[in-house]
>>> print(open('structure07.txt').read())   # compact mmCIF, C-alpha atoms and all ligand atoms
# COMPACT_ATOMS: atom_id res chain seq x y z
CA MET A 1 107.30 -30.00 116.70
CA ASN A 2 105.45 -29.33 113.48
CA SER A 3 101.73 -28.81 114.23
CA ASP A 4 100.83 -30.88 111.12
CA GLN A 5 102.65 -33.83 112.61
CA PRO A 6 101.69 -34.54 116.22
CA LEU A 7 104.47 -36.13 118.24
CA THR A 8 104.30 -39.89 118.64
CA PHE A 9 104.34 -40.97 122.29
CA VAL A 10 106.53 -44.01 122.90
CA HIS A 11 105.07 -46.23 125.65
CA ARG A 12 107.46 -47.91 128.04
CA PRO A 13 105.22 -49.55 130.65
CA HIS A 14 106.62 -49.97 134.16
CA PRO A 15 108.23 -53.42 134.42
CA ALA A 16 107.17 -53.78 138.08
CA PRO A 17 104.16 -51.55 138.82
CA VAL A 18 102.87 -51.34 142.40
CA ALA A 19 100.76 -54.45 143.13
CA ALA A 20 96.97 -53.97 143.27
CA ASP A 21 96.66 -54.64 147.03
CA GLU A 22 99.54 -52.28 147.88
CA ARG A 23 98.03 -49.61 145.57
CA ALA A 24 94.66 -50.00 147.31
CA ALA A 25 96.38 -49.55 150.68
CA ARG A 26 98.10 -46.35 149.51
CA LEU A 27 94.77 -44.98 148.22
CA VAL A 28 93.00 -45.33 151.58
CA ASP A 29 94.29 -42.04 152.99
CA PRO A 30 96.63 -40.54 150.42
CA GLY A 31 96.80 -37.03 151.91
CA PHE A 32 98.12 -34.45 149.46
CA GLY A 33 101.18 -34.93 147.23
CA ARG A 34 102.74 -37.87 149.07
CA VAL A 35 101.65 -40.84 146.94
CA PHE A 36 102.67 -41.14 143.29
CA THR A 37 101.59 -43.31 140.38
CA ASP A 38 103.72 -45.76 138.39
CA HIS A 39 104.39 -43.64 135.32
CA MET A 40 105.35 -40.19 134.11
CA VAL A 41 105.38 -38.45 130.76
CA THR A 42 108.50 -36.70 129.53
CA VAL A 43 108.97 -34.60 126.39
CA ARG A 44 112.26 -32.91 125.53
CA TRP A 45 112.88 -29.58 123.86
CA THR A 46 116.16 -28.59 122.32
CA HIS A 47 117.00 -25.46 120.42
CA ASP A 48 117.79 -27.50 117.34
CA ARG A 49 115.01 -30.11 117.39
CA GLY A 50 112.13 -28.37 119.15
CA TRP A 51 109.72 -30.76 120.97
CA CYS A 52 110.90 -34.35 120.66
CA ASP A 53 111.23 -37.72 122.41
CA ALA A 54 107.71 -37.91 123.92
CA GLU A 55 107.46 -40.88 126.26
CA VAL A 56 105.14 -42.50 128.78
CA ARG A 57 107.69 -44.22 131.01
CA PRO A 58 108.22 -45.58 134.50
CA ARG A 59 108.38 -42.83 137.13
CA GLU A 60 111.98 -42.60 138.32
CA PRO A 61 114.56 -40.03 139.47
CA PHE A 62 116.20 -37.82 136.82
CA GLN A 63 119.88 -37.54 136.25
CA LEU A 64 120.76 -33.84 136.27
CA ASP A 65 124.06 -32.25 135.44
CA PRO A 66 125.14 -30.08 138.40
CA ALA A 67 125.33 -27.14 135.99
CA SER A 68 121.68 -27.59 134.83
CA ALA A 69 120.29 -24.09 134.41
CA VAL A 70 117.23 -24.72 136.61
CA LEU A 71 119.46 -25.38 139.62
CA HIS A 72 121.03 -21.95 139.32
CA TYR A 73 118.59 -19.52 137.72
CA ALA A 74 115.25 -21.24 138.50
CA GLN A 75 113.79 -21.44 135.02
CA GLU A 76 110.89 -23.67 136.07
CA ILE A 77 107.11 -23.49 135.67
CA PHE A 78 104.30 -25.84 136.62
CA GLU A 79 100.56 -26.45 136.57
CA GLY A 80 98.08 -28.27 138.77
CA LEU A 81 94.80 -29.90 137.74
CA LYS A 82 92.80 -32.95 138.72
CA ALA A 83 91.28 -36.02 137.08
CA TYR A 84 88.00 -37.09 138.71
CA ARG A 85 86.40 -40.52 138.65
CA THR A 86 82.69 -40.28 138.07
CA ARG A 87 80.15 -42.57 139.72
CA ASN A 88 79.69 -44.56 136.52
CA GLY A 89 83.44 -45.12 136.14
CA GLY A 90 84.26 -42.31 133.68
CA VAL A 91 87.28 -40.05 134.10
CA TYR A 92 86.94 -36.29 133.69
CA LEU A 93 89.33 -33.38 133.61
CA PHE A 94 88.12 -29.87 134.42
CA ARG A 95 88.96 -27.17 131.86
CA PRO A 96 92.45 -28.52 131.11
CA GLU A 97 92.79 -26.17 128.14
CA ARG A 98 92.87 -23.31 130.67
CA ASN A 99 95.87 -24.89 132.35
CA ALA A 100 97.45 -25.37 128.91
CA ARG A 101 97.06 -21.67 128.17
CA ARG A 102 98.32 -20.56 131.56
CA PHE A 103 101.33 -22.86 131.10
CA GLN A 104 102.02 -21.10 127.82
CA GLN A 105 101.78 -17.69 129.48
CA SER A 106 104.06 -18.81 132.31
CA ALA A 107 106.55 -20.12 129.72
CA GLU A 108 106.57 -16.81 127.89
CA ARG A 109 107.19 -14.88 131.11
CA LEU A 110 110.10 -17.16 132.04
CA ALA A 111 111.62 -17.03 128.51
CA MET A 112 110.93 -20.74 127.97
CA PRO A 113 109.55 -22.53 124.89
CA VAL A 114 105.77 -22.72 124.63
CA VAL A 115 104.19 -26.19 124.83
CA PRO A 116 101.49 -26.39 122.13
CA GLU A 117 98.03 -26.84 123.68
CA GLU A 118 97.46 -30.18 121.94
CA LEU A 119 100.78 -31.54 123.22
CA PHE A 120 99.99 -30.41 126.77
CA LEU A 121 96.55 -32.07 126.66
CA ARG A 122 97.84 -35.22 125.02
CA ALA A 123 100.60 -35.62 127.63
CA ILE A 124 98.02 -35.40 130.42
CA GLU A 125 95.61 -37.80 128.75
CA GLU A 126 98.38 -40.34 128.11
CA LEU A 127 99.36 -40.34 131.78
CA VAL A 128 95.77 -40.47 133.06
CA LYS A 129 95.06 -43.46 130.82
CA ALA A 130 98.30 -45.25 131.78
CA ASP A 131 97.66 -44.76 135.51
CA ALA A 132 93.84 -44.81 135.58
CA ALA A 133 93.90 -47.50 138.27
CA TRP A 134 95.35 -44.87 140.64
CA ILE A 135 92.37 -42.50 140.44
CA PRO A 136 90.60 -42.70 143.80
CA GLY A 137 86.83 -42.93 143.91
CA GLY A 138 84.64 -41.02 146.36
CA GLU A 139 85.92 -37.58 147.30
CA GLY A 140 89.47 -38.20 146.14
CA SER A 141 90.99 -37.36 142.78
CA LEU A 142 94.20 -37.70 140.81
CA TYR A 143 96.24 -34.50 141.05
CA LEU A 144 98.22 -33.92 137.86
CA ARG A 145 101.40 -31.92 137.95
CA PRO A 146 102.72 -30.84 134.55
CA PHE A 147 106.02 -28.95 134.84
CA MET A 148 108.94 -27.82 132.73
CA PHE A 149 112.50 -26.98 133.66
CA ALA A 150 115.69 -25.79 132.00
CA ASN A 151 118.29 -28.56 131.80
CA GLU A 152 121.07 -27.20 129.66
CA ALA A 153 124.42 -27.58 131.46
CA PHE A 154 125.59 -23.97 131.20
CA LEU A 155 126.25 -21.32 133.81
CA GLY A 156 125.79 -18.22 131.64
CA VAL A 157 122.74 -16.13 132.55
CA ARG A 158 120.50 -16.48 129.50
CA PRO A 159 117.52 -18.67 128.57
CA SER A 160 118.49 -22.32 128.46
CA MET A 161 118.72 -24.08 125.09
CA GLU A 162 117.24 -27.33 126.48
CA TYR A 163 114.14 -28.13 128.54
CA LEU A 164 112.23 -31.10 129.85
CA PHE A 165 108.42 -31.04 130.00
CA VAL A 166 107.16 -33.63 132.48
CA VAL A 167 103.81 -34.77 133.86
CA ILE A 168 103.55 -36.72 137.11
CA ALA A 169 100.41 -37.73 139.01
CA SER A 170 99.49 -38.05 142.67
CA PRO A 171 96.26 -39.50 144.10
CA VAL A 172 94.94 -37.05 146.70
CA GLY A 173 92.32 -36.67 149.39
CA ALA A 174 91.35 -33.39 151.08
CA TYR A 175 93.96 -30.60 150.93
CA PHE A 176 93.33 -29.25 154.41
CA LYS A 177 93.52 -31.76 157.22
CA GLY A 178 89.99 -32.25 158.49
CA GLY A 179 88.26 -31.70 155.14
CA LYS A 180 85.86 -28.82 154.52
CA LYS A 181 86.17 -26.93 157.81
CA ALA A 182 86.77 -23.19 157.71
CA VAL A 183 90.44 -22.30 157.37
CA SER A 184 92.33 -19.59 159.19
CA VAL A 185 94.71 -17.20 157.43
CA TRP A 186 97.66 -15.15 158.60
CA LEU A 187 98.11 -11.69 157.10
CA SER A 188 101.72 -11.20 156.12
CA GLU A 189 102.75 -7.65 156.91
CA THR A 190 106.44 -8.36 156.39
CA TYR A 191 106.56 -10.21 153.09
CA THR A 192 104.91 -9.73 149.70
CA ARG A 193 104.44 -12.31 147.00
CA ALA A 194 104.74 -10.41 143.73
CA ALA A 195 105.48 -6.90 142.54
CA PRO A 196 104.13 -5.11 139.45
CA GLY A 197 106.20 -6.20 136.47
CA GLY A 198 107.31 -9.36 138.30
CA THR A 199 106.19 -12.96 137.89
CA GLY A 200 103.05 -12.98 140.06
CA ALA A 201 100.74 -14.05 137.22
CA ALA A 202 103.07 -16.90 136.20
CA LYS A 203 103.02 -20.27 137.91
CA CYS A 204 106.76 -20.54 138.46
CA GLY A 205 108.53 -22.31 141.28
CA GLY A 206 110.31 -19.11 142.30
CA ASN A 207 107.04 -17.49 143.40
CA TYR A 208 106.45 -20.35 145.80
CA ALA A 209 110.02 -20.36 147.09
CA ALA A 210 109.53 -16.67 147.91
CA SER A 211 106.28 -17.41 149.76
CA LEU A 212 107.55 -20.19 152.01
CA LEU A 213 108.91 -18.01 154.80
CA ALA A 214 105.57 -16.18 154.99
CA GLN A 215 103.73 -19.52 154.96
CA ALA A 216 106.00 -20.76 157.77
CA GLU A 217 105.10 -17.62 159.73
CA ALA A 218 101.42 -18.41 159.18
CA THR A 219 101.91 -21.95 160.41
CA ARG A 220 103.76 -20.67 163.48
CA HIS A 221 100.72 -18.54 164.29
CA GLY A 222 98.45 -21.57 163.98
CA CYS A 223 97.03 -20.60 160.57
CA ASP A 224 96.41 -22.79 157.55
CA GLN A 225 97.46 -20.27 154.90
CA VAL A 226 99.11 -16.89 154.44
CA VAL A 227 97.30 -13.97 152.77
CA PHE A 228 99.37 -11.41 150.87
CA LEU A 229 98.86 -7.69 150.35
CA ASP A 230 100.08 -5.80 147.28
CA ALA A 231 103.79 -5.00 147.14
CA ALA A 232 103.48 -1.31 146.27
CA GLN A 233 101.18 0.02 149.00
CA HIS A 234 100.83 -2.93 151.41
CA ARG A 235 97.15 -2.15 151.42
CA TRP A 236 95.20 -4.24 148.92
CA VAL A 237 94.35 -7.89 149.48
CA GLU A 238 95.81 -10.00 146.66
CA GLU A 239 95.60 -13.75 147.26
CA LEU A 240 96.63 -16.60 149.53
CA GLY A 241 99.86 -18.56 149.17
CA GLY A 242 98.16 -21.04 146.87
CA MET A 243 94.57 -19.86 146.36
CA ASN A 244 92.49 -16.93 145.15
CA VAL A 245 90.08 -15.21 147.52
CA PHE A 246 86.40 -14.14 147.35
CA PHE A 247 84.25 -11.98 149.65
CA VAL A 248 80.45 -12.33 150.04
CA PHE A 249 78.41 -9.36 151.34
CA ASP A 250 75.08 -8.98 153.13
CA ASP A 251 73.30 -7.93 149.90
CA GLY A 252 74.38 -11.20 148.23
CA SER A 253 76.99 -9.50 146.05
CA MET A 254 80.56 -10.76 145.81
CA LEU A 255 84.01 -9.32 145.23
CA THR A 256 87.39 -10.75 144.25
CA PRO A 257 90.66 -8.87 143.63
CA PRO A 258 91.23 -8.04 139.95
CA LEU A 259 93.85 -9.79 137.79
CA GLY A 260 96.49 -7.14 137.40
CA GLY A 261 99.62 -9.20 136.77
CA THR A 262 100.49 -9.78 140.42
CA ILE A 263 98.02 -12.56 141.23
CA LEU A 264 97.58 -15.96 139.64
CA PRO A 265 94.61 -16.14 137.23
CA GLY A 266 93.01 -19.18 138.86
CA VAL A 267 90.93 -21.63 136.83
CA THR A 268 88.71 -22.08 139.89
CA ARG A 269 88.42 -18.29 140.32
CA ASP A 270 87.18 -17.99 136.76
CA ALA A 271 84.66 -20.81 137.24
CA ILE A 272 83.34 -19.24 140.46
CA LEU A 273 82.89 -15.89 138.70
CA THR A 274 80.77 -17.62 136.06
CA LEU A 275 78.75 -19.74 138.51
CA ALA A 276 78.04 -16.79 140.82
CA ARG A 277 76.94 -14.59 137.92
CA GLU A 278 74.73 -17.44 136.67
CA GLU A 279 73.04 -17.35 140.09
CA GLY A 280 72.26 -13.69 139.40
CA ARG A 281 74.82 -12.30 141.84
CA ALA A 282 76.65 -9.05 141.21
CA VAL A 283 80.35 -9.97 141.30
CA ARG A 284 82.95 -7.21 141.20
CA GLU A 285 86.60 -7.68 140.35
CA GLU A 286 87.85 -4.77 142.42
CA LEU A 287 90.58 -3.76 144.81
CA TYR A 288 89.67 -4.44 148.45
CA SER A 289 91.81 -3.14 151.26
CA TYR A 290 92.76 -5.01 154.39
CA ASP A 291 91.29 -2.20 156.51
CA GLN A 292 87.97 -2.50 154.65
CA TRP A 293 88.03 -6.27 155.06
CA ARG A 294 88.33 -5.93 158.83
CA ALA A 295 85.74 -3.12 159.03
CA ASP A 296 83.22 -5.07 156.92
CA ALA A 297 83.76 -8.22 158.98
CA GLN A 298 83.24 -6.29 162.20
CA SER A 299 80.14 -4.43 160.98
CA GLY A 300 78.58 -7.63 159.64
CA LYS A 301 78.48 -6.30 156.07
CA LEU A 302 80.86 -9.09 155.10
CA ARG A 303 79.02 -12.37 155.60
CA GLU A 304 81.36 -14.93 154.09
CA CYS A 305 84.82 -15.20 152.70
CA PHE A 306 86.38 -18.13 150.89
CA ALA A 307 89.55 -19.32 149.22
CA CYS A 308 89.48 -21.25 145.97
CA GLY A 309 91.90 -23.28 143.91
CA THR A 310 92.31 -26.68 142.32
CA ALA A 311 93.86 -28.31 145.38
CA ALA A 312 91.44 -27.07 148.06
CA VAL A 313 88.45 -26.42 145.69
CA VAL A 314 86.41 -23.90 147.76
CA SER A 315 87.26 -23.49 151.44
CA PRO A 316 85.56 -21.04 153.79
CA ILE A 317 87.90 -18.63 155.57
CA GLY A 318 86.76 -18.34 159.18
CA GLU A 319 89.40 -16.26 160.88
CA ILE A 320 92.08 -13.74 159.94
CA LYS A 321 95.06 -13.28 162.24
CA SER A 322 97.76 -10.65 162.05
CA ALA A 323 100.34 -8.87 164.18
CA SER A 324 97.87 -5.99 164.52
CA GLY A 325 94.91 -8.09 165.68
CA ASP A 326 92.54 -10.90 164.73
CA PHE A 327 88.99 -10.93 163.41
CA VAL A 328 86.36 -13.50 162.52
CA ILE A 329 84.12 -13.67 159.43
CA GLY A 330 80.44 -14.28 160.24
CA ASN A 331 80.18 -17.18 162.67
CA GLY A 332 83.67 -18.36 161.71
CA ALA A 333 82.40 -21.49 160.01
CA GLY A 334 81.61 -20.42 156.44
CA GLY A 335 78.13 -19.98 155.05
CA GLU A 336 75.56 -21.04 152.52
CA VAL A 337 76.83 -19.04 149.54
CA THR A 338 80.26 -20.66 149.89
CA ASP A 339 78.72 -24.11 150.41
CA GLY A 340 76.39 -23.70 147.45
CA LEU A 341 79.14 -22.62 145.05
CA ARG A 342 81.37 -25.42 146.25
CA ALA A 343 78.62 -28.01 145.75
CA ARG A 344 77.86 -26.79 142.22
CA LEU A 345 81.51 -26.73 141.23
CA VAL A 346 82.25 -30.19 142.64
CA GLY A 347 79.03 -31.53 141.06
CA ILE A 348 80.09 -30.33 137.61
CA GLN A 349 83.66 -31.58 138.03
CA ARG A 350 82.41 -35.05 138.93
CA GLY A 351 79.69 -35.23 136.29
CA GLU A 352 76.80 -35.11 138.76
CA ILE A 353 75.44 -31.75 137.62
CA PRO A 354 74.87 -30.86 133.94
CA ASP A 355 77.91 -29.15 132.46
CA THR A 356 76.21 -26.24 130.70
CA GLN A 357 79.51 -24.41 130.10
CA GLY A 358 81.35 -27.24 128.34
CA TRP A 359 83.99 -27.32 131.10
CA VAL A 360 84.28 -31.07 131.43
CA HIS A 361 86.87 -32.90 129.31
CA LYS A 362 86.21 -36.64 129.17
CA VAL A 363 89.31 -38.84 129.11
CA LEU A 364 87.68 -42.22 129.73
C1 LIG B 401 99.16 -18.56 144.12
C2 LIG B 401 97.95 -19.28 143.63
N1 LIG B 401 96.81 -18.58 143.45
C3 LIG B 401 95.69 -19.18 143.00
C4 LIG B 401 95.66 -20.53 142.71
C5 LIG B 401 94.39 -21.15 142.21
O1 LIG B 401 94.50 -21.48 140.85
P1 LIG B 401 93.64 -22.67 140.23
O2 LIG B 401 92.23 -22.39 140.55
O3 LIG B 401 93.92 -22.61 138.77
O4 LIG B 401 94.12 -23.91 140.85
C6 LIG B 401 96.80 -21.28 142.90
C7 LIG B 401 96.79 -22.73 142.64
O5 LIG B 401 97.18 -23.18 141.65
C8 LIG B 401 97.98 -20.66 143.35
O6 LIG B 401 99.11 -21.36 143.53
>>> encode(input="structure07.txt", output="structure tokens")
Amino acid sequence: MNSDQPLTFVHRPHPAPVAADERAARLVDPGFGRVFTDHMVTVRWTHDRGWCDAEVRPREPFQLDPASAVLHYAQEIFEGLKAYRTRNGGVYLFRPERNARRFQQSAERLAMPVVPEELFLRAIEELVKADAAWIPGGEGSLYLRPFMFANEAFLGVRPSMEYLFVVIASPVGAYFKGGKKAVSVWLSETYTRAAPGGTGAAKCGGNYAASLLAQAEATRHGCDQVVFLDAAQHRWVEELGGMNVFFVFDDGSMLTPPLGGTILPGVTRDAILTLAREEGRAVREELYSYDQWRADAQSGKLRECFACGTAAVVSPIGEIKSASGDFVIGNGAGGEVTDGLRARLVGIQRGEIPDTQGWVHKVL
């Protein structure tokens, strides 16, 4: 794609979209990632043509050659962001240019072509507009899943010469069953998520494949999420399977693990850093050991702890379980710093609190 000549999106509306009453029924309790809209966006990349064939088209299965590179060497990356319906009927995205940039960084790490920021944003806007009727009101939102995979039919181990960039959309309710309650986490002492020099900072499917066994272990122990320690020393808290983590202390200060290449640079994490500093809090991006976490929880120095990410927004962490013992944070039910940050973030995302940072991106 030549940046002077934006790609033209061909529109092929669904010939038989889901009927309005059936759509309304599916939006009543959509859960997370189970219900999908009528359309998808696809854009192809080939070594010879670059970005081409941009389409808004009916959502349908792909035909994949069994030798498609993604099926063998896992060249795949993705993003996750939400479109929110405001009370007066507008539709907002939250900092989508951050997702565009992270998608570019993930692509570079996986030796894939970079999607220009304007193409990434345009693809999302096209889909949101085509499927605007699927955006739930109230506390729900439309989860957008841009992704890209290698689809050259070739078994040699080298970067593919063909890719498909796709955006699909899924109306969602609360991520954790039961809404905003405090979540419990299982400390994985067996598995790590990412090693220095690896792909921890990239949002690639392989990272999640590698985390599933640990997540299954967490579920077996009755926990909502797994929390990972660093791969080198098995000592420093890194992040959850799908969320970043923050700690709130008795002096009102906060701490979150630093971005060092092994954790995902969350868009929500960055927003929380800004909002907390705006409140006048000291927020450190510093290493924090598991031993310190337990000691601070037991002494009462640690008052609150929360996980944050696009899917779950801000969720208090109430209890930590591990093979070597369990401990509770505060009263196990979250706290007012967590609630306050969550309320401010959600208020900005939904247009109910002034957006002083210019984070909101209006689509409709
Ligand atoms: C491993 C991991 N860490 C952190 C996050 C939070 O990132 P964001 O706030 O951009 O959703 C996510 C979710 O995308 C994730 O999968």
>>> residues_near_ligand(input="structure07.txt", ligand="ligand LIG 401 (chain B)", cutoff="7 Å", atoms="all atoms listed in the file", output="PyMOL selection string")
chain A and resi 79-81+203+239-244+263-269+308-311
>>> atom_distance(input="structure07.txt", atom1="CA of Thr274 in chain A", atom2="CA of Phe228 in chain A")
24.6 Å
>>> residues_around(input="structure07.txt", residues="Asp65 in chain A", least_positions_apart="4", cutoff="9 Å", atoms="all atoms listed in the file", output="list of chain:residue names")
A:Asn151, A:Glu152, A:Ala153
>>> residues_around(input="structure07.txt", residues="Gly347 in chain A", least_positions_apart="6", cutoff="12 Å", atoms="only C-alpha atoms", output="PyMOL selection string")
chain A and resi 84-87+92+94+139+313+339-341+353-356+359-360
>>> atom_distance(input="structure07.txt", atom1="CA of Val167 in chain A", atom2="CA of Arg145 in chain A")
5.5 Å
>>> atom_distance(input="structure07.txt", atom1="CA of His14 in chain A", atom2="CA of His39 in chain A")
6.8 Å
